[in-house]
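What follows is a single structure, written as structure tokens, with notes after it.
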Amino acid sequence: MKLGRRKLPIHALLQKAVLKMFLLIAILVGLAAGLISGGRPGNLVRLHLRWPVLIFLALVIQLAIFTSWLPVPRPLLPLFYVLSNLIALVWLGRNIRIQGVPCIALGAIGNLVAIVANGGRMPVDGALLARARGASAETAVALGQSPSNSILKTSQTRLPWLTDQFLLGPPFPLPTVFSIGDLLIGLGVAWLIAAGMRPAAGVAASPGNANLAA
């Protein structure tokens, strides 16, 4: 079978924009919380996240398999996706003592457990997906034509409470369906930024923050 370059349909591009927006909101919340608590953005340079090459590798793998960069056969997508998540978890484990990272790791583990339990794909509520991105997005996932790693949630779905089952609708500009793991990751990112913005004296007062300034 000849493997062509995958072209991303509009709903796939929208999904990527949604993920960026979701992360942007977490960053803005973290910045706002840091400013309210007396922190300064300049203090973020004290953050020393170790082994950055790992998280970069994980992101590159996901970007490659869901775009035209790497013509991976669809049956192998779950394997590569799980691999990228495992690499990300190793990176999070290396930085686990930094505030916010444990929350991010907990969310990532929750997502990975749901994915592995369901054959390497993340189940999503079809009705909520249609409300968020239109019927075409739900149809694409149902037919296996979506470049995402999603499948529709059914009565056979394992650990449904860990799957994409929450709707972030209007007035959010890019409605989406997310999991409790996604929520924990967003909260962890905001926590990481807010903690990293605190003055050095405030950081030093908390033993658990020793790794914010390595």
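Residues are referred to by chain and number: the chain letter is A, B, ... according to the order shown in the structure tokens, the number counts from 1 in that chain, and ligands are numbered separately from 1 in the order shown.
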
Q: Based on DSSP run over this structure's backbone, return all residues of stretch 127-211 of chain A in strand (DSSP E), as an MDAnalysis selection string.
A: chainID A and resid 150:152 166:168 176:178

Q: as a ChimeraX atom specification, please: all residues of stretch 73-161 of chain A that backbone DSSP puts in helix (DSSP H, G or I).
A: /A:74-94,101-117,126-133,135-142,160-161

Q. Leaving out stretch 72-86 of chain A and any residue of its chain fewer than 4 positions from it, which residues lie within 12 Å of it when counting only C-alpha atoms, given as an NGL selection string?
A. :A and (1-6 or 54-68 or 90-93 or 105 or 107-122 or 144-151)

Selected residues written out with C-alpha atoms, as a short mmCIF file (atom, residue, chain, number, x, y, z; two decimals), in the first residue's frame:
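Result went into result.cif, see below:
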```cif
data_model
loop_
_atom_site.label_atom_id
_atom_site.label_comp_id
_atom_site.auth_asym_id
_atom_site.auth_seq_id
_atom_site.Cartn_x
_atom_site.Cartn_y
_atom_site.Cartn_z
CA MET A 1 0.00 0.00 0.00
CA LYS A 2 1.37 3.36 -0.98
CA LEU A 3 1.57 5.84 1.85
CA GLY A 4 0.86 9.40 0.79
CA ARG A 5 1.34 12.60 2.65
CA ARG A 6 -1.55 13.26 4.99
CA LEU A 54 13.16 14.76 26.19
CA ILE A 55 10.08 16.97 26.09
CA PHE A 56 11.26 18.36 22.76
CA LEU A 57 11.58 14.81 21.39
CA ALA A 58 8.10 13.89 22.65
CA LEU A 59 6.59 16.94 20.96
CA VAL A 60 8.45 16.27 17.71
CA ILE A 61 7.17 12.67 17.63
CA GLN A 62 3.57 13.80 18.08
CA LEU A 63 3.92 16.55 15.52
CA ALA A 64 5.51 14.18 13.03
CA ILE A 65 2.98 11.36 13.28
CA PHE A 66 -0.07 13.63 13.06
CA THR A 67 1.19 15.70 10.11
CA SER A 68 2.81 14.85 6.80
CA VAL A 90 10.27 10.59 32.03
CA TRP A 91 10.95 14.30 31.61
CA LEU A 92 8.28 15.20 34.15
CA GLY A 93 9.71 12.67 36.58
CA ALA A 105 2.47 14.62 35.76
CA GLY A 107 -2.77 14.75 34.51
CA ALA A 108 -0.41 13.17 31.98
CA ILE A 109 -0.58 9.84 33.79
CA GLY A 110 -4.38 9.99 33.84
CA ASN A 111 -4.47 10.60 30.09
CA LEU A 112 -1.93 7.87 29.38
CA VAL A 113 -3.80 5.32 31.52
CA ALA A 114 -7.03 6.07 29.61
CA ILE A 115 -5.21 5.80 26.28
CA VAL A 116 -3.46 2.51 27.08
CA ALA A 117 -6.66 1.01 28.54
CA ASN A 118 -8.47 1.77 25.28
CA GLY A 119 -6.02 0.32 22.80
CA GLY A 120 -3.71 3.29 22.45
CA ARG A 121 -6.38 5.88 21.63
CA MET A 122 -8.23 8.47 23.69
CA GLY A 144 -10.93 6.71 11.52
CA GLN A 145 -10.16 9.60 9.19
CA SER A 146 -9.08 12.07 11.85
CA PRO A 147 -5.34 12.72 12.23
CA SER A 148 -5.87 12.85 15.99
CA ASN A 149 -5.47 9.86 18.30
CA SER A 150 -9.16 9.87 19.27
CA ILE A 151 -11.93 7.31 19.04
#
```

Q: Find, counting only C-alpha atoms, the residue in A:Pro199, A:Gly188, A:Gly181, A:Pro171 that gets nearest to A:Ile98.
A: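 Answer, going by the shortest atom-to-atom distance: A:Gly188.
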
Q. So what do you get for atom CA of A:Met21 versus atom CA of A:Thr157, distance-wise?
A.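 Atom CA of A:Met21 sits 27.9 Å away from atom CA of A:Thr157.
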
Q) What gap, in Å, lies between atom CA of A:Arg131 and atom CA of A:Gln165? A)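 One can read the atom CA of A:Arg131 to atom CA of A:Gln165 distance as 12.1 Å.
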
Q. How many Å separate atom CA of A:Val177 from atom CA of A:Leu31?
A.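 About the pair atom CA of A:Val177 and atom CA of A:Leu31: they are 24.3 Å apart.
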
(Q) So, with only C-alpha atoms as the atoms that count, which of A:Pro160, A:Gly42, A:Ala32, A:Leu23 lies closest to A:Ala200? (A)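 Checking each of A:Pro160, A:Gly42, A:Ala32, A:Leu23 against A:Ala200, counting only C-alpha atoms, the winner is A:Gly42.
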